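Coordinates from query34.tsv are shown below (TSV, C-alpha atoms).
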chain	number	residue	atom	x	y	z
A	191	GLN	CA	0.00	0.00	0.00
A	192	LYS	CA	3.04	2.27	0.16
A	193	ASP	CA	6.53	2.31	-1.29
A	194	PHE	CA	9.36	0.59	0.57
A	195	ASP	CA	10.99	2.63	3.32
A	196	PRO	CA	14.00	1.09	5.09
A	197	VAL	CA	13.36	3.23	8.19
A	198	GLN	CA	10.78	0.99	9.83
A	199	GLY	CA	10.38	3.23	12.86
A	200	THR	CA	12.25	5.75	15.01
A	201	ASP	CA	12.63	6.36	18.71
A	202	TYR	CA	12.37	9.73	20.47
A	203	GLU	CA	16.02	10.52	19.59
A	204	GLY	CA	15.60	9.74	15.89
A	205	GLY	CA	17.19	6.32	16.14
A	206	PHE	CA	16.28	3.44	13.83
A	207	VAL	CA	13.84	0.92	15.35
A	208	ARG	CA	13.42	-2.49	13.73
A	209	ASP	CA	9.93	-3.92	13.33
A	210	ALA	CA	9.37	-7.23	15.12
A	211	SER	CA	8.93	-10.38	13.04
A	212	ARG	CA	5.31	-11.57	12.89
A	213	PHE	CA	5.47	-15.32	12.13
A	214	ARG	CA	6.94	-17.23	15.07
A	215	ASN	CA	6.15	-20.95	14.73
A	216	TRP	CA	8.78	-23.66	15.12
A	217	ILE	CA	9.71	-26.86	13.31
A	218	THR	CA	10.21	-29.63	15.89
A	219	PRO	CA	11.12	-33.32	15.47
A	220	ASP	CA	7.63	-34.49	16.53
A	221	GLY	CA	5.57	-31.46	15.45
A	222	SER	CA	4.88	-30.23	18.96
A	223	ALA	CA	4.73	-26.49	19.59
A	224	GLY	CA	8.03	-24.67	20.09
A	225	PRO	CA	8.81	-21.71	22.37
A	226	SER	CA	6.26	-19.59	20.47
A	227	GLY	CA	3.46	-20.04	17.97
A	228	GLU	CA	1.46	-23.19	17.36
A	229	GLY	CA	2.32	-26.84	16.79
A	230	GLY	CA	1.90	-28.92	13.67
A	231	PHE	CA	5.23	-28.24	11.96
A	232	LYS	CA	6.89	-31.63	12.10
A	233	ALA	CA	10.41	-32.18	10.77
A	234	GLU	CA	10.02	-33.75	7.34
A	235	ALA	CA	12.39	-33.79	4.38
A	236	GLY	CA	11.16	-31.76	1.41
A	237	ARG	CA	8.34	-30.08	3.31
A	238	TYR	CA	9.98	-26.71	3.99
A	239	HIS	CA	11.41	-23.99	1.77
A	240	LEU	CA	13.61	-20.97	2.53
A	241	TYR	CA	13.29	-17.65	0.73
A	242	VAL	CA	16.50	-15.64	1.11
A	243	ALA	CA	18.52	-12.79	-0.38
A	244	LEU	CA	22.32	-12.90	-0.40
A	245	ILE	CA	22.55	-9.21	0.47
A	246	CYS	CA	20.86	-9.85	3.81
A	247	PRO	CA	22.93	-10.92	6.85
A	248	TRP	CA	19.81	-12.16	8.67
A	249	ALA	CA	18.93	-14.44	5.75
A	250	CYS	CA	22.49	-15.61	5.20
A	251	ARG	CA	22.93	-16.84	8.73
A	252	THR	CA	20.10	-19.31	8.05
A	253	LEU	CA	21.95	-20.42	4.90
A	254	MET	CA	25.13	-20.91	6.94
A	255	VAL	CA	23.44	-23.14	9.50
A	256	ARG	CA	21.68	-25.08	6.72
A	257	LYS	CA	25.10	-25.77	5.18
A	258	LEU	CA	26.86	-26.58	8.45
A	259	LYS	CA	24.12	-29.03	9.48
A	260	GLY	CA	23.97	-30.71	6.07
A	261	LEU	CA	20.32	-29.85	5.39
A	262	GLU	CA	20.63	-28.98	1.69
A	263	ASP	CA	18.57	-32.01	0.63
A	264	VAL	CA	16.01	-31.44	3.40
A	265	ILE	CA	15.13	-27.75	2.98
A	266	SER	CA	15.06	-26.16	-0.49
A	267	VAL	CA	16.05	-22.53	-1.11
A	268	THR	CA	15.17	-19.68	-3.47
A	269	VAL	CA	17.48	-16.66	-3.81
A	270	LEU	CA	15.74	-13.34	-4.47
A	271	ASP	CA	17.10	-10.36	-6.35
A	272	PRO	CA	19.19	-8.18	-4.01
A	273	VAL	CA	18.11	-4.88	-5.59
A	274	LEU	CA	15.36	-3.44	-3.42
A	275	THR	CA	12.40	-2.08	-5.34
A	276	GLU	CA	9.44	0.09	-4.31
A	277	LYS	CA	7.68	-3.21	-3.60
A	278	VAL	CA	10.72	-4.44	-1.65
A	279	TRP	CA	12.00	-7.94	-2.55
A	280	ARG	CA	11.63	-9.17	-6.13
A	281	PHE	CA	12.22	-12.65	-7.49
A	282	GLY	CA	14.79	-13.31	-10.22
A	283	GLY	CA	14.11	-14.38	-13.75
A	284	GLN	CA	13.71	-10.80	-15.02
A	285	SER	CA	15.76	-9.33	-17.86
A	286	ASP	CA	17.69	-7.16	-15.39
A	287	SER	CA	18.02	-9.74	-12.61
A	288	LEU	CA	21.48	-10.42	-11.24
A	289	PRO	CA	23.10	-13.82	-11.92
A	290	GLY	CA	22.34	-16.27	-9.15
A	291	THR	CA	18.78	-15.06	-8.52
A	292	GLU	CA	15.84	-17.36	-9.05
A	293	VAL	CA	12.14	-17.43	-9.91
A	294	ASP	CA	9.58	-18.44	-7.32
A	295	PRO	CA	9.21	-22.24	-7.72
A	296	LEU	CA	6.06	-22.52	-5.63
A	297	PHE	CA	3.66	-19.81	-6.83
A	298	ALA	CA	5.46	-18.07	-9.71
A	299	SER	CA	5.22	-14.84	-7.68
A	300	GLU	CA	6.96	-11.69	-8.89
A	301	TYR	CA	7.47	-10.18	-5.42
A	302	LEU	CA	7.94	-11.64	-1.97
A	303	TYR	CA	4.98	-9.73	-0.55
A	304	GLU	CA	2.78	-12.14	-2.54
A	305	ILE	CA	4.15	-14.99	-0.43
A	306	TYR	CA	3.20	-13.11	2.73
A	307	LEU	CA	-0.32	-12.67	1.38
A	308	GLN	CA	-0.50	-16.38	0.56
A	309	ALA	CA	0.09	-17.04	4.25
A	310	LYS	CA	-2.18	-14.27	5.57
A	311	ALA	CA	-4.49	-12.50	3.14
A	312	ASP	CA	-4.85	-9.43	5.37
A	313	TYR	CA	-1.17	-9.20	6.34
A	314	THR	CA	0.20	-5.73	6.83
A	315	GLY	CA	3.73	-4.98	7.94
A	316	GLN	CA	7.31	-5.29	6.78
A	317	ILE	CA	8.27	-7.74	4.03
A	318	THR	CA	11.52	-9.30	5.18
A	319	VAL	CA	13.83	-12.23	4.50
A	320	PRO	CA	14.42	-14.94	5.50
A	321	VAL	CA	11.04	-16.62	5.15
A	322	LEU	CA	10.65	-20.27	6.14
A	323	TRP	CA	7.68	-21.69	4.23
A	324	ASP	CA	5.66	-24.87	4.86
A	325	LYS	CA	4.70	-26.42	1.50
A	326	GLN	CA	2.26	-28.80	3.17
A	327	ARG	CA	0.19	-26.22	5.07
A	328	ASN	CA	0.85	-23.39	2.60
A	329	THR	CA	1.89	-20.90	5.22
A	330	ILE	CA	4.90	-19.16	6.70
A	331	VAL	CA	6.41	-21.05	9.60
A	332	ASN	CA	8.74	-18.30	10.74
A	333	ASN	CA	10.39	-15.11	9.48
A	334	GLU	CA	12.66	-14.44	12.47
A	335	SER	CA	16.21	-15.50	11.59
A	336	SER	CA	17.41	-15.96	15.18
A	337	GLU	CA	14.68	-18.57	15.69
A	338	ILE	CA	15.15	-20.20	12.29
A	339	ILE	CA	18.83	-20.89	12.98
A	340	ARG	CA	17.89	-22.49	16.30
A	341	MET	CA	15.38	-24.84	14.67
A	342	LEU	CA	17.82	-25.67	11.87
A	343	ASN	CA	20.37	-26.54	14.54
A	344	ASP	CA	18.21	-29.01	16.47
A	345	GLY	CA	14.61	-28.98	15.19
A	346	LEU	CA	15.19	-31.27	12.21
A	347	GLY	CA	16.52	-34.12	14.35
A	348	GLU	CA	18.06	-37.02	12.45
A	349	LEU	CA	17.37	-35.38	9.09
A	350	ALA	CA	20.55	-33.33	9.57
A	351	GLN	CA	23.59	-35.04	8.03
A	352	HIS	CA	25.99	-33.45	10.52
A	353	ASP	CA	25.66	-33.65	14.29
A	354	ASN	CA	27.72	-30.52	15.05
A	355	ASN	CA	25.76	-28.67	17.71
A	356	LEU	CA	26.00	-24.89	17.29
A	357	TYR	CA	24.16	-24.21	20.55
A	358	PRO	CA	25.58	-26.75	23.03
A	359	THR	CA	23.99	-26.88	26.46
A	360	GLU	CA	27.21	-26.23	28.36
A	361	PHE	CA	27.82	-22.95	26.50
A	362	GLN	CA	24.29	-21.64	26.03
A	363	GLN	CA	24.48	-19.00	28.75
A	364	GLU	CA	27.76	-17.64	27.37
A	365	ILE	CA	26.50	-17.75	23.77
A	366	ASP	CA	23.37	-15.83	24.79
A	367	SER	CA	25.52	-13.26	26.57
A	368	VAL	CA	27.70	-12.68	23.49
A	369	ASN	CA	24.62	-12.55	21.25
A	370	ASP	CA	22.99	-9.97	23.51
A	371	ARG	CA	26.18	-7.91	23.57
A	372	LEU	CA	26.41	-7.88	19.77
A	373	TYR	CA	22.82	-7.66	18.56
A	374	ASP	CA	21.87	-4.07	19.33
A	375	HIS	CA	25.35	-2.56	19.18
A	376	PHE	CA	26.71	-4.47	16.17
A	377	ASN	CA	24.36	-6.66	14.09
A	378	ASN	CA	21.57	-4.11	14.27
A	379	GLY	CA	23.95	-1.31	15.23
A	380	VAL	CA	25.17	-0.88	11.65
A	381	TYR	CA	21.56	-0.25	10.59
A	382	ARG	CA	20.98	2.08	13.53
A	383	ALA	CA	23.93	4.12	12.28
A	384	GLY	CA	23.08	3.94	8.57
A	385	PHE	CA	19.39	4.78	9.00
A	386	ALA	CA	19.69	7.25	11.87
A	387	THR	CA	17.60	10.38	11.30
A	388	THR	CA	19.50	12.64	13.70
A	389	GLN	CA	23.20	13.35	14.19
A	390	SER	CA	23.14	12.29	17.85
A	391	ALA	CA	21.49	8.96	17.03
A	392	TYR	CA	24.10	8.33	14.33
A	393	GLU	CA	27.04	9.18	16.60
A	394	THR	CA	25.74	6.91	19.36
A	395	ALA	CA	25.18	3.98	17.02
A	396	ALA	CA	28.44	4.38	15.09
A	397	GLY	CA	30.39	4.56	18.34
A	398	GLU	CA	28.75	1.37	19.60
A	399	VAL	CA	29.59	-0.43	16.36
A	400	VAL	CA	33.28	0.45	16.62
A	401	ASP	CA	33.29	-0.49	20.31
A	402	SER	CA	31.90	-3.87	19.22
A	403	LEU	CA	34.71	-4.35	16.73
A	404	ASP	CA	37.18	-3.64	19.55
A	405	TYR	CA	35.31	-6.08	21.81
A	406	LEU	CA	35.46	-8.85	19.21
A	407	GLU	CA	39.14	-8.25	18.49
A	408	GLN	CA	39.98	-8.51	22.19
A	409	ARG	CA	37.78	-11.56	22.74
A	410	LEU	CA	39.54	-13.41	19.90
A	411	GLU	CA	42.98	-12.80	21.36
A	412	GLY	CA	44.42	-16.27	21.91
A	413	GLN	CA	41.38	-18.19	20.69
A	414	ASN	CA	39.86	-19.07	17.31
A	415	TYR	CA	36.16	-18.65	18.14
A	416	LEU	CA	34.02	-16.51	20.41
A	417	VAL	CA	32.74	-19.15	22.84
A	418	GLY	CA	34.38	-22.37	24.02
A	419	ASN	CA	37.01	-22.07	21.28
A	420	ARG	CA	34.65	-23.95	18.94
A	421	LEU	CA	32.28	-22.81	16.20
A	422	THR	CA	28.92	-21.84	17.69
A	423	GLU	CA	25.85	-19.80	16.89
A	424	ALA	CA	27.63	-16.71	18.24
A	425	ASP	CA	30.20	-16.97	15.45
A	426	ILE	CA	27.51	-17.31	12.79
A	427	ARG	CA	25.79	-14.17	14.03
A	428	ALA	CA	29.04	-12.19	14.18
A	429	PHE	CA	30.36	-13.38	10.81
A	430	VAL	CA	27.43	-12.22	8.67
A	431	THR	CA	27.91	-8.61	9.82
A	432	LEU	CA	31.70	-8.70	9.68
A	433	ILE	CA	31.84	-10.02	6.11
A	434	ARG	CA	29.73	-7.08	4.89
A	435	PHE	CA	31.40	-4.40	6.95
A	436	ASP	CA	34.26	-3.21	4.73
A	437	LEU	CA	32.12	-3.76	1.62
A	438	ALA	CA	29.12	-1.65	2.61
A	439	TYR	CA	28.78	-0.56	6.23
A	440	TYR	CA	32.13	1.25	6.39
A	441	SER	CA	31.40	3.44	3.37
A	442	LEU	CA	27.70	3.52	2.53
A	443	PHE	CA	26.52	3.41	6.17
A	444	LYS	CA	29.27	5.93	7.05
A	445	ILE	CA	30.77	3.94	9.92
A	446	ASN	CA	34.12	4.97	8.47
A	447	ILE	CA	36.34	4.96	11.53
A	448	ARG	CA	38.08	1.59	11.18
A	449	GLN	CA	37.68	-1.36	8.84
A	450	VAL	CA	37.64	-5.04	9.75
A	451	ARG	CA	40.87	-5.47	7.80
A	452	ASP	CA	42.51	-3.16	10.36
A	453	TYR	CA	42.01	-5.83	13.05
A	454	PRO	CA	44.40	-8.82	12.72
A	455	ASN	CA	42.34	-11.20	14.88
A	456	LEU	CA	39.07	-10.32	13.17
A	457	ARG	CA	40.56	-10.63	9.70
A	458	ALA	CA	41.94	-14.10	10.45
A	459	TYR	CA	38.65	-15.05	12.12
A	460	MET	CA	36.59	-14.11	9.05
A	461	GLN	CA	38.89	-16.12	6.80
A	462	ARG	CA	38.72	-19.10	9.16
A	463	ILE	CA	34.93	-19.24	9.06
A	464	TYR	CA	34.77	-18.51	5.33
A	465	ARG	CA	36.87	-21.63	4.69
A	466	PHE	CA	34.28	-23.95	6.25
A	467	ASP	CA	32.84	-26.18	3.52
A	468	GLY	CA	30.03	-24.39	1.68
A	469	ILE	CA	30.16	-21.10	3.59
A	470	ASP	CA	31.56	-19.27	0.57
A	471	GLU	CA	28.30	-20.11	-1.24
A	472	THR	CA	26.37	-18.04	1.32
A	473	VAL	CA	28.42	-14.89	0.58
A	474	ASN	CA	28.13	-12.86	-2.62
A	475	ALA	CA	29.90	-9.52	-2.88
A	476	ASP	CA	28.14	-8.52	-6.10
A	477	HIS	CA	24.71	-9.10	-4.57
A	478	SER	CA	25.66	-7.25	-1.39
A	479	LYS	CA	26.97	-4.16	-3.18
A	480	ALA	CA	24.13	-4.04	-5.69
A	481	GLY	CA	21.55	-4.47	-2.95
A	482	TYR	CA	22.85	-1.99	-0.42
A	483	TYR	CA	23.61	0.68	-3.01
A	484	SER	CA	20.06	0.33	-4.40
A	485	ILE	CA	18.61	1.76	-1.16
A	486	LYS	CA	17.65	5.31	-2.12
A	487	ALA	CA	17.65	6.52	1.48
A	488	LEU	CA	21.38	5.78	1.58
A	489	ASN	CA	22.37	6.29	-2.04
A	490	PRO	CA	20.03	8.64	-3.95
A	491	THR	CA	22.14	8.43	-7.13
A	492	GLY	CA	21.74	4.66	-7.45
A	493	ILE	CA	25.37	4.40	-8.61
A	494	VAL	CA	27.23	1.30	-7.44
A	495	PRO	CA	30.96	1.99	-6.96
A	496	VAL	CA	33.36	0.06	-9.16
A	497	GLY	CA	36.40	-1.74	-7.84
A	498	PRO	CA	37.45	-5.13	-6.55
A	499	ASN	CA	34.88	-6.93	-4.45
A	500	THR	CA	37.20	-8.12	-1.72
A	501	PHE	CA	36.36	-8.92	1.87
A	502	TRP	CA	39.83	-8.62	3.39

Before we go any further, please render this structure as structure tokens.
Amino acid sequence: QKDFDPVQGTDYEGGFVRDASRFRNWITPDGSAGPSGEGGFKAEAGRYHLYVALICPWACRTLMVRKLKGLEDVISVTVLDPVLTEKVWRFGGQSDSLPGTEVDPLFASEYLYEIYLQAKADYTGQITVPVLWDKQRNTIVNNESSEIIRMLNDGLGELAQHDNNLYPTEFQQEIDSVNDRLYDHFNNGVYRAGFATTQSAYETAAGEVVDSLDYLEQRLEGQNYLVGNRLTEADIRAFVTLIRFDLAYYSLFKINIRQVRDYPNLRAYMQRIYRFDGIDETVNADHSKAGYYSIKALNPTGIVPVGPNTFW
């Protein structure tokens, strides 16, 4: 009913406020209800489908967990066009679509909002990725990435080919603490800086982002990963923001104080995670640059800068 606006809401200081996700059901091994939503979403191969965009860190962390758990043959995926339109996310298959984007295999939709309306005909709200779709019930299971990665980690049970637990019981409290430390000041902090509507809100957010880079650099001193010196959910959540930082957040979002490549521990850490089998397939510099620089609120000219698309 209105054109896309990346500023979903603002607080009293002009700071960016993210709209809460609306679909909060869970896939579980036996179909019982999860921490929120209703039951009836049993783990079954071929039943569920992920809609993602490779520009989006929230979507790409679900792709990372899908790869790490060996769920490629269990949950199918469609990659949307990264260039944001007035109707937000568009499917591929168009004459101007970027390579690597795809058509909608389920409903032949042109835009993702049509998928939301398939699930709830009177839906109103933000149109976001990722979207986890149930092909059996024809509805959205969940569109909150933090919950999707949890259910991909343990909700599919024996369907996962790999038994690596990214949220082990003995480290859950520490993982939650790191996640809480990073979410508002780093993962969402880059957006709070980029979409701030006042100078004071920008300065606060940008300062918190750089403080978070310092925090991560110090935490990685003498260890390879953030918690328990093993790959966990905390690393997935940190990586998706780090890998986009020098490419887009540093310049376009104007958090141009220090780059990730200026931090030796962080640079090695990004390369370490990137080398995990299949993780490189979840990262696409061309999609990220084209997508971020298509946001008119940040880049009114629409010009995408030329140059090498390097991460480090």

Item to check | 8 Å contact set for Trp248 (chain A), all atoms listed in the file, chain neighbours under 4 positions out, as a VMD selection string | outcome: chain A and resid 252 319 to 320 335 to 336 430

Checklist entry - Near region 407-415 of chain A, counting only C-alpha atoms, which residues have an atom at most 10 Å away, once you skip same-chain residues fewer than 5 positions from it, shown as an NGL selection string? => result :A and (401-402 or 420-422 or 424-425 or 450 or 453-459 or 462-463)

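The smallest atom-to-atom distance between Ala383 (chain A) and any of A:Ser285, A:Val273, A:Leu488, A:Lys325, using only C-alpha atoms, is found for A:Leu488.
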
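Near Thr218 (chain A), within 9 Å and counting all atoms listed in the file, sit Gly221, Ser222, Ala223, Gly224, Gly229, Gly230, Phe231, Lys232, Ala233, Met341, Asp344, Gly345, Leu346 and Gly347 of chain A, not including residues fewer than 3 positions from it in the same chain.
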
Next on the checklist: Report, in Å to a single decimal, how far apart CA of Asn369 (chain A) and CA of His352 (chain A) are.
Outcome noted: 23.5 Å

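Distance check against Glu262 (chain A) using all atoms listed in the file: of A:Lys277, A:Ser367, A:Leu342, A:Lys310, the minimum falls on A:Leu342.
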
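Among the candidates A:Glu234, A:Pro295, A:Val242, A:Thr431, the residue lying nearest to Asp271 (chain A) is A:Val242 (atoms considered: only C-alpha atoms).
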
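Note that the spacing between CA of Glu334 (chain A) and CA of Asp370 (chain A) amounts to 15.8 Å.
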
Next on the checklist: Env of Ala243 (chain A): 9 Å cut, atoms = only C-alpha atoms, seq-sep filter 3 positions within chain, self excluded. Answer as number ranges by chain.
Outcome noted: A: 246-247, 249-250, 268-272, 279, 291, 319-320, 477

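With distances restricted to only C-alpha atoms, A:Phe281 is the closest residue to Ala298 (chain A) from A:Phe281, A:Tyr313, A:Phe213, A:Tyr405.
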
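CA of Val473 (chain A) is positioned 22.3 Å from CA of Tyr301 (chain A).
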
Checklist entry - Neighbours of Gln362 (chain A) within 10 Å (all atoms listed in the file; same-chain residues fewer than 4 positions away dropped), as a ChimeraX atom specification? => result /A:356-358,366-368,417,422-424

Selected residues, C-alpha atoms, written as a compact mmCIF listing (two decimals), keeping the file's coordinate frame, please.
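Heads up, here's the output in out.txt:
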# COMPACT_ATOMS: atom_id res chain seq x y z
CA LEU A 356 26.00 -24.89 17.29
CA TYR A 357 24.16 -24.21 20.55
CA PRO A 358 25.58 -26.75 23.03
CA ASP A 366 23.37 -15.83 24.79
CA SER A 367 25.52 -13.26 26.57
CA VAL A 368 27.70 -12.68 23.49
CA VAL A 417 32.74 -19.15 22.84
CA THR A 422 28.92 -21.84 17.69
CA GLU A 423 25.85 -19.80 16.89
CA ALA A 424 27.63 -16.71 18.24

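Nearest to Leu406 (chain A) of all the residues A:Asn446, A:Gly384, A:Phe429, A:Arg256 is A:Phe429, based on only C-alpha atoms.
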
Please, which residues are within 12 Å of (26.9, -22.4, 2.4) by the file's coordinates, counting all atoms listed in the file, and could they come as a PDB file with C-alpha atoms, in the frame of the given file?
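Output below, filename part.pdb:
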ATOM      1  CA  LEU A 244      22.320 -12.900  -0.400  1.00  0.00           C
ATOM      2  CA  ALA A 249      18.930 -14.440   5.750  1.00  0.00           C
ATOM      3  CA  CYS A 250      22.490 -15.610   5.200  1.00  0.00           C
ATOM      4  CA  ARG A 251      22.930 -16.840   8.730  1.00  0.00           C
ATOM      5  CA  THR A 252      20.100 -19.310   8.050  1.00  0.00           C
ATOM      6  CA  LEU A 253      21.950 -20.420   4.900  1.00  0.00           C
ATOM      7  CA  MET A 254      25.130 -20.910   6.940  1.00  0.00           C
ATOM      8  CA  VAL A 255      23.440 -23.140   9.500  1.00  0.00           C
ATOM      9  CA  ARG A 256      21.680 -25.080   6.720  1.00  0.00           C
ATOM     10  CA  LYS A 257      25.100 -25.770   5.180  1.00  0.00           C
ATOM     11  CA  LEU A 258      26.860 -26.580   8.450  1.00  0.00           C
ATOM     12  CA  LYS A 259      24.120 -29.030   9.480  1.00  0.00           C
ATOM     13  CA  GLY A 260      23.970 -30.710   6.070  1.00  0.00           C
ATOM     14  CA  LEU A 261      20.320 -29.850   5.390  1.00  0.00           C
ATOM     15  CA  GLU A 262      20.630 -28.980   1.690  1.00  0.00           C
ATOM     16  CA  VAL A 267      16.050 -22.530  -1.110  1.00  0.00           C
ATOM     17  CA  ILE A 426      27.510 -17.310  12.790  1.00  0.00           C
ATOM     18  CA  VAL A 430      27.430 -12.220   8.670  1.00  0.00           C
ATOM     19  CA  ILE A 463      34.930 -19.240   9.060  1.00  0.00           C
ATOM     20  CA  TYR A 464      34.770 -18.510   5.330  1.00  0.00           C
ATOM     21  CA  ARG A 465      36.870 -21.630   4.690  1.00  0.00           C
ATOM     22  CA  PHE A 466      34.280 -23.950   6.250  1.00  0.00           C
ATOM     23  CA  ASP A 467      32.840 -26.180   3.520  1.00  0.00           C
ATOM     24  CA  GLY A 468      30.030 -24.390   1.680  1.00  0.00           C
ATOM     25  CA  ILE A 469      30.160 -21.100   3.590  1.00  0.00           C
ATOM     26  CA  ASP A 470      31.560 -19.270   0.570  1.00  0.00           C
ATOM     27  CA  GLU A 471      28.300 -20.110  -1.240  1.00  0.00           C
ATOM     28  CA  THR A 472      26.370 -18.040   1.320  1.00  0.00           C
ATOM     29  CA  VAL A 473      28.420 -14.890   0.580  1.00  0.00           C
ATOM     30  CA  ASN A 474      28.130 -12.860  -2.620  1.00  0.00           C
TER      31      ASN A 474
END

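In terms of minimum interatomic distance to Phe435 (chain A), A:Asn377 ranks closest within A:Ala487, A:Asn377, A:Tyr392, A:Gln363, counting all atoms listed in the file.
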
Return as lines of an AutoDock Vina configuration file the box centre and box size in Å, one decimal, for an axis-aligned box around all listed atoms of region 290-306 of chain A padded by 6 Å per side.
center_x = 12.6
center_y = -16.1
center_z = -3.6
size_x = 31.6
size_y = 24.8
size_z = 24.6
